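Asks: Hey, dropping my_file.pdb in here, PDB, C-alpha atoms:
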```pdb
MODEL        1
ATOM      1  CA  MET E   2     -33.334  55.585 -23.623
ATOM      2  CA  GLN E   3     -31.717  52.836 -25.677
ATOM      3  CA  ASP E   4     -28.667  52.893 -23.379
ATOM      4  CA  LEU E   5     -30.911  52.531 -20.352
ATOM      5  CA  SER E   6     -32.562  49.496 -21.949
ATOM      6  CA  LYS E   7     -29.155  47.903 -22.584
ATOM      7  CA  MET E   8     -28.079  48.552 -19.006
ATOM      8  CA  ALA E   9     -31.282  47.021 -17.708
ATOM      9  CA  ALA E  10     -30.796  43.984 -19.935
ATOM     10  CA  ARG E  11     -27.235  43.521 -18.705
ATOM     11  CA  ALA E  12     -28.379  43.807 -15.098
ATOM     12  CA  CYS E  13     -31.082  41.187 -15.681
ATOM     13  CA  PHE E  14     -28.562  38.868 -17.354
ATOM     14  CA  LYS E  15     -26.109  39.191 -14.456
ATOM     15  CA  THR E  16     -28.888  38.529 -11.978
ATOM     16  CA  LEU E  17     -30.032  35.470 -13.946
ATOM     17  CA  LEU E  18     -26.442  34.207 -14.215
ATOM     18  CA  THR E  19     -25.944  34.627 -10.475
ATOM     19  CA  VAL E  20     -29.149  32.708  -9.787
ATOM     20  CA  LEU E  21     -28.165  29.891 -12.168
ATOM     21  CA  VAL E  22     -24.670  29.587 -10.697
ATOM     22  CA  ALA E  23     -26.056  29.581  -7.183
ATOM     23  CA  ALA E  24     -28.619  26.971  -8.207
ATOM     24  CA  GLY E  25     -25.888  24.856  -9.765
ATOM     25  CA  ILE E  26     -23.759  25.003  -6.644
ATOM     26  CA  SER E  27     -26.785  24.304  -4.509
ATOM     27  CA  ASN E  28     -27.782  21.323  -6.659
ATOM     28  CA  LEU E  29     -24.237  19.943  -6.526
ATOM     29  CA  ALA E  30     -24.189  20.323  -2.767
ATOM     30  CA  LEU E  31     -27.602  18.681  -2.520
ATOM     31  CA  ALA E  32     -26.459  15.854  -4.773
ATOM     32  CA  GLN E  33     -23.369  15.259  -2.649
ATOM     33  CA  THR E  34     -25.408  15.471   0.532
ATOM     34  CA  ALA E  35     -27.984  13.056  -0.857
ATOM     35  CA  ALA E  36     -25.283  10.658  -2.024
ATOM     36  CA  SER E  37     -23.463  10.735   1.298
ATOM     37  CA  GLY E  38     -26.712  10.518   3.221
ATOM     38  CA  ALA E  39     -27.678   7.377   1.348
ATOM     39  CA  TRP E  40     -24.188   5.896   1.664
ATOM     40  CA  PRO E  41     -23.614   2.991   1.960
ATOM     41  CA  THR E  42     -27.110   1.636   1.276
ATOM     42  CA  GLN E  43     -27.243   1.872  -2.519
ATOM     43  CA  LYS E  44     -24.976  -0.988  -3.647
ATOM     44  CA  PRO E  45     -22.123  -3.293  -2.524
ATOM     45  CA  ILE E  46     -18.762  -1.730  -1.707
ATOM     46  CA  ARG E  47     -15.814  -2.830  -3.820
ATOM     47  CA  LEU E  48     -12.480  -3.195  -2.033
ATOM     48  CA  ILE E  49      -9.747  -3.507  -4.669
ATOM     49  CA  ALA E  50      -6.662  -5.433  -3.507
ATOM     50  CA  VAL E  51      -3.922  -4.119  -5.801
ATOM     51  CA  PHE E  52      -1.883  -7.357  -5.708
ATOM     52  CA  PRO E  53      -2.800 -10.954  -6.633
ATOM     53  CA  PRO E  54      -4.340 -13.485  -4.220
ATOM     54  CA  GLY E  55      -2.024 -15.016  -1.634
ATOM     55  CA  GLY E  56      -0.054 -11.899  -0.730
ATOM     56  CA  SER E  57      -0.335  -9.566   2.236
ATOM     57  CA  VAL E  58      -2.480  -6.951   0.449
ATOM     58  CA  ASP E  59      -5.036  -9.625  -0.390
ATOM     59  CA  GLN E  60      -4.992 -10.895   3.197
ATOM     60  CA  VAL E  61      -5.371  -7.399   4.685
ATOM     61  CA  ALA E  62      -8.339  -6.727   2.404
ATOM     62  CA  ARG E  63      -9.975 -10.019   3.353
ATOM     63  CA  ILE E  64      -9.572  -9.322   7.070
ATOM     64  CA  LEU E  65     -11.108  -5.865   6.668
ATOM     65  CA  ALA E  66     -13.982  -6.838   4.357
ATOM     66  CA  PRO E  67     -16.174  -8.913   6.706
ATOM     67  CA  ALA E  68     -15.581  -6.514   9.594
ATOM     68  CA  LEU E  69     -16.586  -3.546   7.412
ATOM     69  CA  GLN E  70     -19.588  -5.471   6.170
ATOM     70  CA  GLY E  71     -20.735  -5.989   9.738
ATOM     71  CA  GLU E  72     -20.358  -2.307  10.608
ATOM     72  CA  LEU E  73     -21.812  -0.851   7.411
ATOM     73  CA  LYS E  74     -24.600  -3.414   6.977
ATOM     74  CA  GLN E  75     -23.637  -3.610   3.309
ATOM     75  CA  ASN E  76     -21.874  -6.267   1.235
ATOM     76  CA  VAL E  77     -18.138  -5.615   0.879
ATOM     77  CA  ILE E  78     -16.527  -7.462  -2.033
ATOM     78  CA  VAL E  79     -12.763  -7.943  -2.378
ATOM     79  CA  GLU E  80     -11.562  -7.769  -5.968
ATOM     80  CA  ASN E  81      -7.941  -8.593  -6.851
ATOM     81  CA  VAL E  82      -6.574  -6.314  -9.579
ATOM     82  CA  GLY E  83      -2.833  -7.007  -9.559
ATOM     83  CA  GLY E  84       0.064  -5.959 -11.741
ATOM     84  CA  ALA E  85       2.722  -3.257 -12.164
ATOM     85  CA  SER E  86       3.535  -3.043  -8.435
ATOM     86  CA  GLY E  87      -0.003  -2.016  -7.573
ATOM     87  CA  VAL E  88      -0.429   0.543 -10.371
ATOM     88  CA  ILE E  89      -3.082  -1.384 -12.325
ATOM     89  CA  GLY E  90      -5.333  -1.842  -9.300
ATOM     90  CA  THR E  91      -4.825   1.721  -8.097
ATOM     91  CA  SER E  92      -5.608   3.006 -11.600
ATOM     92  CA  ALA E  93      -8.822   0.955 -11.632
ATOM     93  CA  MET E  94      -9.786   2.606  -8.353
ATOM     94  CA  THR E  95      -9.090   6.149  -9.629
ATOM     95  CA  ARG E  96     -11.228   5.516 -12.728
ATOM     96  CA  SER E  97     -14.196   4.381 -10.646
ATOM     97  CA  ASP E  98     -17.100   6.652  -9.749
ATOM     98  CA  PRO E  99     -16.161   8.721  -6.674
ATOM     99  CA  ASP E 100     -19.371   7.732  -4.936
ATOM    100  CA  GLY E 101     -17.980   5.921  -1.914
ATOM    101  CA  TYR E 102     -18.492   2.428  -3.302
ATOM    102  CA  THR E 103     -14.937   1.758  -4.516
ATOM    103  CA  PHE E 104     -11.811   1.774  -2.348
ATOM    104  CA  ALA E 105      -8.340   0.240  -2.731
ATOM    105  CA  VAL E 106      -5.983  -1.503  -0.331
ATOM    106  CA  VAL E 107      -2.414  -0.602  -1.326
ATOM    107  CA  PHE E 108       1.059  -1.634  -0.199
ATOM    108  CA  ASP E 109       4.326   0.245   0.327
ATOM    109  CA  THR E 110       4.954   0.276  -3.455
ATOM    110  CA  HIS E 111       2.406   3.099  -3.626
ATOM    111  CA  GLY E 112       4.968   5.532  -2.216
ATOM    112  CA  VAL E 113       7.683   4.438  -4.662
ATOM    113  CA  ASN E 114       5.747   4.238  -7.937
ATOM    114  CA  PRO E 115       5.727   8.016  -8.628
ATOM    115  CA  SER E 116       9.539   7.950  -8.855
ATOM    116  CA  LEU E 117       9.856   4.478 -10.384
ATOM    117  CA  LYS E 118       7.364   4.765 -13.240
ATOM    118  CA  ASP E 119       8.016   7.090 -16.157
ATOM    119  CA  LYS E 120       4.338   7.946 -16.428
ATOM    120  CA  LEU E 121       1.601   6.857 -14.051
ATOM    121  CA  PRO E 122      -1.981   6.686 -15.371
ATOM    122  CA  TYR E 123      -3.034   8.838 -12.404
ATOM    123  CA  ASP E 124      -1.731  11.681 -10.254
ATOM    124  CA  THR E 125      -0.799  10.226  -6.851
ATOM    125  CA  ILE E 126      -1.888  13.425  -5.113
ATOM    126  CA  LYS E 127      -4.768  14.874  -7.164
ATOM    127  CA  ASP E 128      -6.534  11.676  -8.231
ATOM    128  CA  ILE E 129      -6.517   9.919  -4.858
ATOM    129  CA  SER E 130      -8.096  10.594  -1.480
ATOM    130  CA  PRO E 131      -6.204   9.025   1.461
ATOM    131  CA  VAL E 132      -8.546   7.220   3.842
ATOM    132  CA  ILE E 133      -6.486   5.447   6.506
ATOM    133  CA  LEU E 134      -3.035   3.999   7.258
ATOM    134  CA  VAL E 135      -3.902   0.447   8.290
ATOM    135  CA  GLY E 136      -0.539  -0.474   9.795
ATOM    136  CA  THR E 137       3.159  -1.211   9.434
ATOM    137  CA  SER E 138       5.242  -4.357   9.778
ATOM    138  CA  PRO E 139       8.790  -5.626   9.567
ATOM    139  CA  MET E 140       9.902  -7.232   6.352
ATOM    140  CA  VAL E 141      11.785 -10.488   6.697
ATOM    141  CA  LEU E 142      14.617 -11.826   4.573
ATOM    142  CA  VAL E 143      14.179 -15.590   4.344
ATOM    143  CA  ALA E 144      16.140 -18.370   2.672
ATOM    144  CA  SER E 145      14.914 -21.384   0.773
ATOM    145  CA  LYS E 146      15.617 -24.700   2.502
ATOM    146  CA  LYS E 147      17.396 -25.796  -0.673
ATOM    147  CA  SER E 148      19.796 -22.820  -0.578
ATOM    148  CA  GLY E 149      21.798 -24.203   2.336
ATOM    149  CA  ILE E 150      21.729 -20.776   4.020
ATOM    150  CA  THR E 151      20.910 -21.049   7.712
ATOM    151  CA  SER E 152      21.891 -17.612   9.064
ATOM    152  CA  PHE E 153      22.424 -14.026   7.972
ATOM    153  CA  LYS E 154      26.037 -14.235   9.169
ATOM    154  CA  GLN E 155      26.678 -17.125   6.780
ATOM    155  CA  LEU E 156      24.981 -15.207   3.934
ATOM    156  CA  VAL E 157      27.143 -12.133   4.591
ATOM    157  CA  GLU E 158      30.364 -14.167   4.727
ATOM    158  CA  LEU E 159      29.596 -15.942   1.454
ATOM    159  CA  SER E 160      28.533 -12.684  -0.205
ATOM    160  CA  LYS E 161      31.822 -11.048   0.816
ATOM    161  CA  THR E 162      33.716 -13.764  -1.052
ATOM    162  CA  GLY E 163      31.985 -12.624  -4.246
ATOM    163  CA  LYS E 164      29.333 -15.330  -4.360
ATOM    164  CA  GLN E 165      26.205 -14.034  -6.048
ATOM    165  CA  PHE E 166      22.797 -14.701  -4.564
ATOM    166  CA  SER E 167      19.380 -14.117  -6.072
ATOM    167  CA  TYR E 168      16.558 -12.695  -4.008
ATOM    168  CA  GLY E 169      12.916 -12.279  -4.910
ATOM    169  CA  SER E 170      10.520  -9.484  -3.953
ATOM    170  CA  ILE E 171       6.967  -8.579  -4.902
ATOM    171  CA  GLY E 172       8.248  -6.328  -7.672
ATOM    172  CA  ILE E 173      10.751  -3.744  -8.836
ATOM    173  CA  GLY E 174      10.458  -0.710  -6.607
ATOM    174  CA  SER E 175       8.719  -2.567  -3.810
ATOM    175  CA  LEU E 176      10.047  -1.610  -0.410
ATOM    176  CA  GLY E 177      11.496  -5.112  -0.070
ATOM    177  CA  HIS E 178      13.436  -4.645  -3.294
ATOM    178  CA  LEU E 179      14.677  -1.200  -2.293
ATOM    179  CA  ALA E 180      15.651  -2.325   1.207
ATOM    180  CA  MET E 181      17.737  -5.208  -0.140
ATOM    181  CA  ALA E 182      19.206  -3.017  -2.887
ATOM    182  CA  ARG E 183      20.281  -0.507  -0.249
ATOM    183  CA  LEU E 184      21.768  -3.272   1.893
ATOM    184  CA  ALA E 185      23.625  -4.799  -1.061
ATOM    185  CA  LYS E 186      25.001  -1.425  -2.099
ATOM    186  CA  GLN E 187      26.069  -0.556   1.458
ATOM    187  CA  ALA E 188      27.823  -3.912   1.915
ATOM    188  CA  GLY E 189      29.153  -4.319  -1.623
ATOM    189  CA  PHE E 190      27.276  -7.582  -2.237
ATOM    190  CA  ASP E 191      26.700  -8.879  -5.751
ATOM    191  CA  TRP E 192      23.030  -9.794  -5.406
ATOM    192  CA  ASN E 193      20.587 -10.325  -8.247
ATOM    193  CA  HIS E 194      17.001  -9.138  -7.883
ATOM    194  CA  ILE E 195      14.121 -11.236  -9.253
ATOM    195  CA  PRO E 196      10.778  -9.375  -9.301
ATOM    196  CA  TYR E 197       7.457 -11.209  -8.857
ATOM    197  CA  ARG E 198       3.890 -10.072  -9.492
ATOM    198  CA  GLY E 199       2.912 -10.642  -5.869
ATOM    199  CA  GLY E 200       3.606 -12.388  -2.576
ATOM    200  CA  GLY E 201       1.783 -15.591  -3.510
ATOM    201  CA  PRO E 202       3.961 -16.406  -6.564
ATOM    202  CA  LEU E 203       7.094 -15.276  -4.687
ATOM    203  CA  MET E 204       6.536 -17.653  -1.778
ATOM    204  CA  GLN E 205       5.721 -20.558  -4.091
ATOM    205  CA  ASP E 206       9.130 -20.203  -5.738
ATOM    206  CA  VAL E 207      11.149 -19.779  -2.534
ATOM    207  CA  LEU E 208       9.388 -22.808  -1.025
ATOM    208  CA  GLY E 209      10.219 -24.778  -4.162
ATOM    209  CA  GLY E 210      13.839 -23.595  -4.232
ATOM    210  CA  GLN E 211      13.532 -21.747  -7.558
ATOM    211  CA  VAL E 212      14.876 -18.632  -5.827
ATOM    212  CA  GLU E 213      17.418 -18.727  -2.968
ATOM    213  CA  LEU E 214      16.256 -15.738  -0.953
ATOM    214  CA  ALA E 215      13.032 -13.781  -0.604
ATOM    215  CA  VAL E 216      12.086 -10.588   1.187
ATOM    216  CA  GLY E 217       8.494 -10.039   2.202
ATOM    217  CA  SER E 218       6.343  -8.619   4.946
ATOM    218  CA  GLU E 219       6.128 -10.547   8.184
ATOM    219  CA  PHE E 220       2.445 -10.946   7.337
ATOM    220  CA  LEU E 221       3.419 -12.816   4.167
ATOM    221  CA  VAL E 222       6.297 -15.002   5.362
ATOM    222  CA  LYS E 223       5.392 -15.804   8.971
ATOM    223  CA  PRO E 224       3.105 -18.777   8.163
ATOM    224  CA  HIS E 225       5.894 -20.333   6.102
ATOM    225  CA  ILE E 226       8.433 -19.725   8.869
ATOM    226  CA  GLU E 227       6.130 -21.440  11.372
ATOM    227  CA  SER E 228       5.591 -24.403   9.063
ATOM    228  CA  GLY E 229       9.347 -24.766   8.543
ATOM    229  CA  GLY E 230       9.146 -24.049   4.828
ATOM    230  CA  VAL E 231      11.714 -21.220   4.887
ATOM    231  CA  VAL E 232      14.573 -20.080   7.130
ATOM    232  CA  PRO E 233      14.222 -16.560   8.622
ATOM    233  CA  LEU E 234      17.487 -14.606   8.497
ATOM    234  CA  VAL E 235      16.868 -10.957   9.495
ATOM    235  CA  ILE E 236      14.112  -8.346   9.744
ATOM    236  CA  THR E 237      14.193  -4.813   8.350
ATOM    237  CA  THR E 238      12.859  -2.768  11.276
ATOM    238  CA  ALA E 239      15.005  -1.066  13.924
ATOM    239  CA  LYS E 240      13.671  -3.332  16.682
ATOM    240  CA  ARG E 241      13.002  -7.056  16.799
ATOM    241  CA  SER E 242       9.464  -8.212  16.185
ATOM    242  CA  PRO E 243       7.497  -9.587  19.163
ATOM    243  CA  ALA E 244       6.102 -12.203  16.778
ATOM    244  CA  LEU E 245       9.602 -13.327  15.726
ATOM    245  CA  PRO E 246      11.743 -12.551  18.784
ATOM    246  CA  ASN E 247      14.612 -14.832  17.757
ATOM    247  CA  VAL E 248      15.103 -13.211  14.364
ATOM    248  CA  PRO E 249      17.756 -10.450  14.542
ATOM    249  CA  THR E 250      17.433  -7.057  12.866
ATOM    250  CA  ILE E 251      19.674  -5.943  10.016
ATOM    251  CA  ALA E 252      20.698  -3.019  12.232
ATOM    252  CA  GLU E 253      22.072  -5.302  14.966
ATOM    253  CA  SER E 254      23.715  -7.598  12.407
ATOM    254  CA  GLY E 255      26.420  -5.201  11.297
ATOM    255  CA  PHE E 256      24.428  -2.436   9.589
ATOM    256  CA  PRO E 257      23.508   0.167  12.259
ATOM    257  CA  GLY E 258      20.586   2.478  11.579
ATOM    258  CA  PHE E 259      18.990   0.251   8.946
ATOM    259  CA  SER E 260      15.174   0.460   8.992
ATOM    260  CA  ALA E 261      12.553  -0.189   6.284
ATOM    261  CA  PRO E 262       9.064  -1.207   7.476
ATOM    262  CA  ALA E 263       6.309  -2.414   5.169
ATOM    263  CA  TRP E 264       2.910  -0.649   5.263
ATOM    264  CA  TRP E 265      -0.681  -0.936   4.048
ATOM    265  CA  ALA E 266      -3.323   1.735   3.462
ATOM    266  CA  VAL E 267      -6.850   2.268   2.180
ATOM    267  CA  LEU E 268      -7.459   4.870  -0.544
ATOM    268  CA  ALA E 269     -10.467   6.306  -2.402
ATOM    269  CA  PRO E 270     -10.932   8.070  -5.760
ATOM    270  CA  GLY E 271      -9.859  11.713  -5.552
ATOM    271  CA  LYS E 272     -13.300  13.304  -5.929
ATOM    272  CA  THR E 273     -15.018  11.146  -3.324
ATOM    273  CA  PRO E 274     -17.069  13.522  -1.112
ATOM    274  CA  PRO E 275     -15.088  14.368   2.044
ATOM    275  CA  VAL E 276     -18.062  13.419   4.200
ATOM    276  CA  ILE E 277     -17.888   9.853   2.822
ATOM    277  CA  VAL E 278     -14.096   9.673   3.209
ATOM    278  CA  ASP E 279     -14.437  10.809   6.818
ATOM    279  CA  SER E 280     -17.263   8.330   7.444
ATOM    280  CA  MET E 281     -15.230   5.448   6.018
ATOM    281  CA  ASN E 282     -12.225   6.577   8.065
ATOM    282  CA  LYS E 283     -14.268   6.486  11.271
ATOM    283  CA  VAL E 284     -15.648   3.027  10.473
ATOM    284  CA  LEU E 285     -12.180   1.694   9.655
ATOM    285  CA  ASN E 286     -10.735   3.115  12.866
ATOM    286  CA  LYS E 287     -13.498   1.345  14.770
ATOM    287  CA  VAL E 288     -12.860  -1.908  12.895
ATOM    288  CA  LEU E 289      -9.104  -1.739  13.526
ATOM    289  CA  LYS E 290      -9.721  -1.333  17.256
ATOM    290  CA  SER E 291     -12.048  -4.326  17.454
ATOM    291  CA  PRO E 292     -10.431  -7.225  19.371
ATOM    292  CA  ALA E 293     -11.076  -9.774  16.603
ATOM    293  CA  VAL E 294      -9.472  -7.719  13.821
ATOM    294  CA  ALA E 295      -6.629  -6.459  16.026
ATOM    295  CA  ALA E 296      -5.799 -10.036  17.011
ATOM    296  CA  LYS E 297      -5.649 -11.164  13.374
ATOM    297  CA  PHE E 298      -3.284  -8.357  12.416
ATOM    298  CA  LYS E 299      -1.147  -8.833  15.518
ATOM    299  CA  ALA E 300      -0.818 -12.544  14.763
ATOM    300  CA  GLN E 301       0.654 -11.614  11.395
ATOM    301  CA  GLY E 302       3.055  -9.012  12.780
ATOM    302  CA  ILE E 303       1.173  -5.911  11.670
ATOM    303  CA  GLU E 304       1.205  -2.992  14.087
ATOM    304  CA  ILE E 305      -2.070  -1.115  13.650
ATOM    305  CA  VAL E 306      -1.752   2.645  13.080
ATOM    306  CA  GLY E 307      -5.138   4.064  12.044
ATOM    307  CA  GLY E 308      -5.696   7.790  12.495
ATOM    308  CA  SER E 309      -7.038  10.468  10.163
ATOM    309  CA  PRO E 310      -6.845  10.796   6.357
ATOM    310  CA  GLU E 311      -4.366  13.637   6.959
ATOM    311  CA  THR E 312      -2.099  11.260   8.902
ATOM    312  CA  LEU E 313      -1.967   8.996   5.859
ATOM    313  CA  ARG E 314      -1.436  11.910   3.469
ATOM    314  CA  ASP E 315       1.616  13.071   5.466
ATOM    315  CA  PHE E 316       2.951   9.514   5.755
ATOM    316  CA  ILE E 317       2.738   8.880   2.002
ATOM    317  CA  GLY E 318       4.440  12.210   1.308
ATOM    318  CA  LYS E 319       7.383  11.211   3.480
ATOM    319  CA  GLN E 320       7.612   7.764   1.870
ATOM    320  CA  ILE E 321       7.683   9.330  -1.598
ATOM    321  CA  ALA E 322      10.478  11.664  -0.475
ATOM    322  CA  ILE E 323      12.643   8.983   1.200
ATOM    323  CA  TRP E 324      12.395   6.129  -1.284
ATOM    324  CA  GLY E 325      11.853   8.255  -4.354
ATOM    325  CA  LYS E 326      15.234   9.834  -3.705
ATOM    326  CA  PHE E 327      16.848   6.377  -3.433
ATOM    327  CA  VAL E 328      15.228   5.234  -6.691
ATOM    328  CA  ILE E 329      16.434   8.308  -8.566
ATOM    329  CA  GLU E 330      19.949   8.362  -7.078
ATOM    330  CA  ASN E 331      20.485   4.673  -7.893
ATOM    331  CA  ASN E 332      18.820   4.781 -11.306
ATOM    332  CA  ILE E 333      16.436   1.941 -10.432
ATOM    333  CA  LYS E 334      14.181   1.180 -13.390
ATOM    334  CA  GLU E 335      11.394  -1.298 -14.073
ATOM    335  CA  THR E 336      13.739  -3.311 -16.289
ATOM    336  CA  GLY E 337      16.227  -3.919 -13.456
ATOM    337  CA  GLN E 338      18.304  -2.307 -10.754
TER
ENDMDL
END
```
Hey, can you dump this file as structure tokens for me?
Replies:
Amino acid sequence: MQDLSKMAARACFKTLLTVLVAAGISNLALAQTAASGAWPTQKPIRLIAVFPPGGSVDQVARILAPALQGELKQNVIVENVGGASGVIGTSAMTRSDPDGYTFAVVFDTHGVNPSLKDKLPYDTIKDISPVILVGTSPMVLVASKKSGITSFKQLVELSKTGKQFSYGSIGIGSLGHLAMARLAKQAGFDWNHIPYRGGGPLMQDVLGGQVELAVGSEFLVKPHIESGGVVPLVITTAKRSPALPNVPTIAESGFPGFSAPAWWAVLAPGKTPPVIVDSMNKVLNKVLKSPAVAAKFKAQGIEIVGGSPETLRDFIGKQIAIWGKFVIENNIKETGQ
């Protein structure tokens, strides 16, 4: 009789446990559904630009923000959180509530940082939800007016004589840095890399002649090329840019097969409900196809990509594989090349 009572008690406990677990799952699902259903009406959306003002990441964020605001009928605020090649801003995004009100605009450094940094404050795969690949663009190697360099051919000839040149990029491990490091290694040039915290400070110094050369996205350098502030030498993509048709590629300038495009993407905290990620992806795709936004990006040399979160996930994986291998093989560290 006592054994039967124990068996009955166990059966009741299991039934109660099943009910509680089911209720918990149901409540979580309801909470996520409620949160996504209310999104984005509860509060302003924060768009973290992971580099300082004045650079391409900041500009991309500020083109997207008003267009998103118009579509979502909610305030979209751009917040610059720069430093450590985008790590500080990305970390701030991953620590935010995954409620669909915090996103980050990142640059190509995002695909290099896992190999460059000894220990990231986040897991690039687990702690981040890809939202959309905004677009890609050539990078441009430009010379300061005070450097006396007027063509890539002249730069190559002087470099072959052993003359050392200094070039700036938006940071150690940025795609600009890695592209120039690969070029210098391939050609045997003795070039010195000077890292900057962002595109704004970099362009200030090349305009002022404090650094002889700079490599940056077409988005970043094109206004300064048009104003005559810097001299464009070569671009890093396989084909010439329609926006800069007279600037040759590195590939056609004696280094066949060379290609290293810049890119921008939007990310969300890893536990953001998929329904919100998908909703934001759809809105961003719509925004990127709007004539006004497309024209602004085209004017700055950015080729819009868009697509699904999975497209971005695959793209980032390939970038990590390609450039991570180069970083490791060439022992590139944050303290220098």
Asks: Could you write out as a tab-separated table (two decimals) with C-alpha atoms, in the coordinates of the input the residues that the PyMOL selection byres ((chain E and resi 202-214) around 7) matches in the shown file?
Replies:
```tsv
chain	number	residue	atom	x	y	z
E	142	LEU	CA	14.62	-11.83	4.57
E	143	VAL	CA	14.18	-15.59	4.34
E	144	ALA	CA	16.14	-18.37	2.67
E	145	SER	CA	14.91	-21.38	0.77
E	147	LYS	CA	17.40	-25.80	-0.67
E	148	SER	CA	19.80	-22.82	-0.58
E	166	PHE	CA	22.80	-14.70	-4.56
E	167	SER	CA	19.38	-14.12	-6.07
E	168	TYR	CA	16.56	-12.70	-4.01
E	169	GLY	CA	12.92	-12.28	-4.91
E	170	SER	CA	10.52	-9.48	-3.95
E	171	ILE	CA	6.97	-8.58	-4.90
E	197	TYR	CA	7.46	-11.21	-8.86
E	198	ARG	CA	3.89	-10.07	-9.49
E	199	GLY	CA	2.91	-10.64	-5.87
E	200	GLY	CA	3.61	-12.39	-2.58
E	201	GLY	CA	1.78	-15.59	-3.51
E	215	ALA	CA	13.03	-13.78	-0.60
E	216	VAL	CA	12.09	-10.59	1.19
E	230	GLY	CA	9.15	-24.05	4.83
E	231	VAL	CA	11.71	-21.22	4.89
```
Asks: Restricting the calculation to all atoms listed in the file, which member of E:Lys287, E:His111, E:Lys161, E:His194 is positioned closest to Leu73 of chain E?
Replies: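 That would be E:Lys287, the residue with the smallest distance to Leu73 of chain E.
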Asks: Any idea what the distance is between atom CA of Pro274 of chain E and atom CA of Trp40 of chain E?
Replies: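 Rounded to one decimal, the two atoms are 10.8 Å apart.
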Asks: Between atom CA of Lys186 of chain E and atom CA of Val232 of chain E, what distance in Å does the model show, to one decimal?
Replies: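 So the two atoms, atom CA of Lys186 of chain E and atom CA of Val232 of chain E, lie 23.3 Å apart.
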Asks: Can you measure atom CA of Val107 of chain E to atom CA of Ser218 of chain E for me? One decimal in Å is fine.
Replies: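 Distance between the two atoms: 13.4 Å.
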Asks: Just say which residues the PyMOL selection byres ((chain E and resi 300) around 10) picks in this file, as a PyMOL selection string.
Replies: chain E and resi 219-220+223-224+243-244+294-299+301-304
Asks: Please save C-alpha atoms of the selected residues as a PDB file, in the frame of the given file.
Replies:
```
ATOM      1  CA  GLU E 219       6.128 -10.547   8.184  1.00  0.00           C
ATOM      2  CA  PHE E 220       2.445 -10.946   7.337  1.00  0.00           C
ATOM      3  CA  LYS E 223       5.392 -15.804   8.971  1.00  0.00           C
ATOM      4  CA  PRO E 224       3.105 -18.777   8.163  1.00  0.00           C
ATOM      5  CA  PRO E 243       7.497  -9.587  19.163  1.00  0.00           C
ATOM      6  CA  ALA E 244       6.102 -12.203  16.778  1.00  0.00           C
ATOM      7  CA  VAL E 294      -9.472  -7.719  13.821  1.00  0.00           C
ATOM      8  CA  ALA E 295      -6.629  -6.459  16.026  1.00  0.00           C
ATOM      9  CA  ALA E 296      -5.799 -10.036  17.011  1.00  0.00           C
ATOM     10  CA  LYS E 297      -5.649 -11.164  13.374  1.00  0.00           C
ATOM     11  CA  PHE E 298      -3.284  -8.357  12.416  1.00  0.00           C
ATOM     12  CA  LYS E 299      -1.147  -8.833  15.518  1.00  0.00           C
ATOM     13  CA  GLN E 301       0.654 -11.614  11.395  1.00  0.00           C
ATOM     14  CA  GLY E 302       3.055  -9.012  12.780  1.00  0.00           C
ATOM     15  CA  ILE E 303       1.173  -5.911  11.670  1.00  0.00           C
ATOM     16  CA  GLU E 304       1.205  -2.992  14.087  1.00  0.00           C
TER      17      GLU E 304
END
```
Asks: Need the neighbours of (7.0, -1.6, 5.7): which residues are at most 7 Å away, counting only C-alpha atoms, as a list in words?
Replies: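 Taken together, the residues in range are Asp109, Thr137, Ser138, Pro139, Met140, Leu176, Ala261, Pro262, Ala263 and Trp264 of chain E.
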Asks: As a check of understanding, name the residues that the PyMOL selection byres ((chain E and resi 66) around 8) selects in the supplied structure, as a list in words.
Replies: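 Output of the PyMOL selection byres ((chain E and resi 66) around 8): Leu48, Ala62, Arg63, Ile64, Leu65, Pro67, Ala68, Leu69, Gln70, Val77, Ile78 and Val79 of chain E.
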Asks: Using all atoms listed in the file, which of the listed residues (E:Glu253, E:Asp59, E:Asp124, E:Glu330) sits closest to Leu221 of chain E?
Replies: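 Ranking E:Glu253, E:Asp59, E:Asp124, E:Glu330 by distance to Leu221 of chain E, first place goes to E:Asp59.
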Asks: Please return the centre and edge lengths, in Å to one decimal, of a box with edges along x, y and z that contains all listed atoms of segment 89-98 of chain E, widened by 4 Å on every side, as AutoDock Vina command-line options.
Replies:
```
--center_x -10.1 --center_y 2.4 --center_z -10.4 --size_x 22.0 --size_y 16.5 --size_z 12.6
```
Asks: Pick out the residues sitting within 9 Å of Met281 of chain E, and hand them over as a ChimeraX atom specification; count all atoms listed in the file, and ignore anything fewer than 3 positions along from it in its own chain.
Replies: /E:101,132-133,276-278,284-286
Asks: Under the rule that only C-alpha atoms are counted, which of E:Arg241, E:Lys127, E:Lys326, E:Lys154 is the nearest residue to Ser254 of chain E?
Replies: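 Closest residue, counting only C-alpha atoms: E:Lys154.
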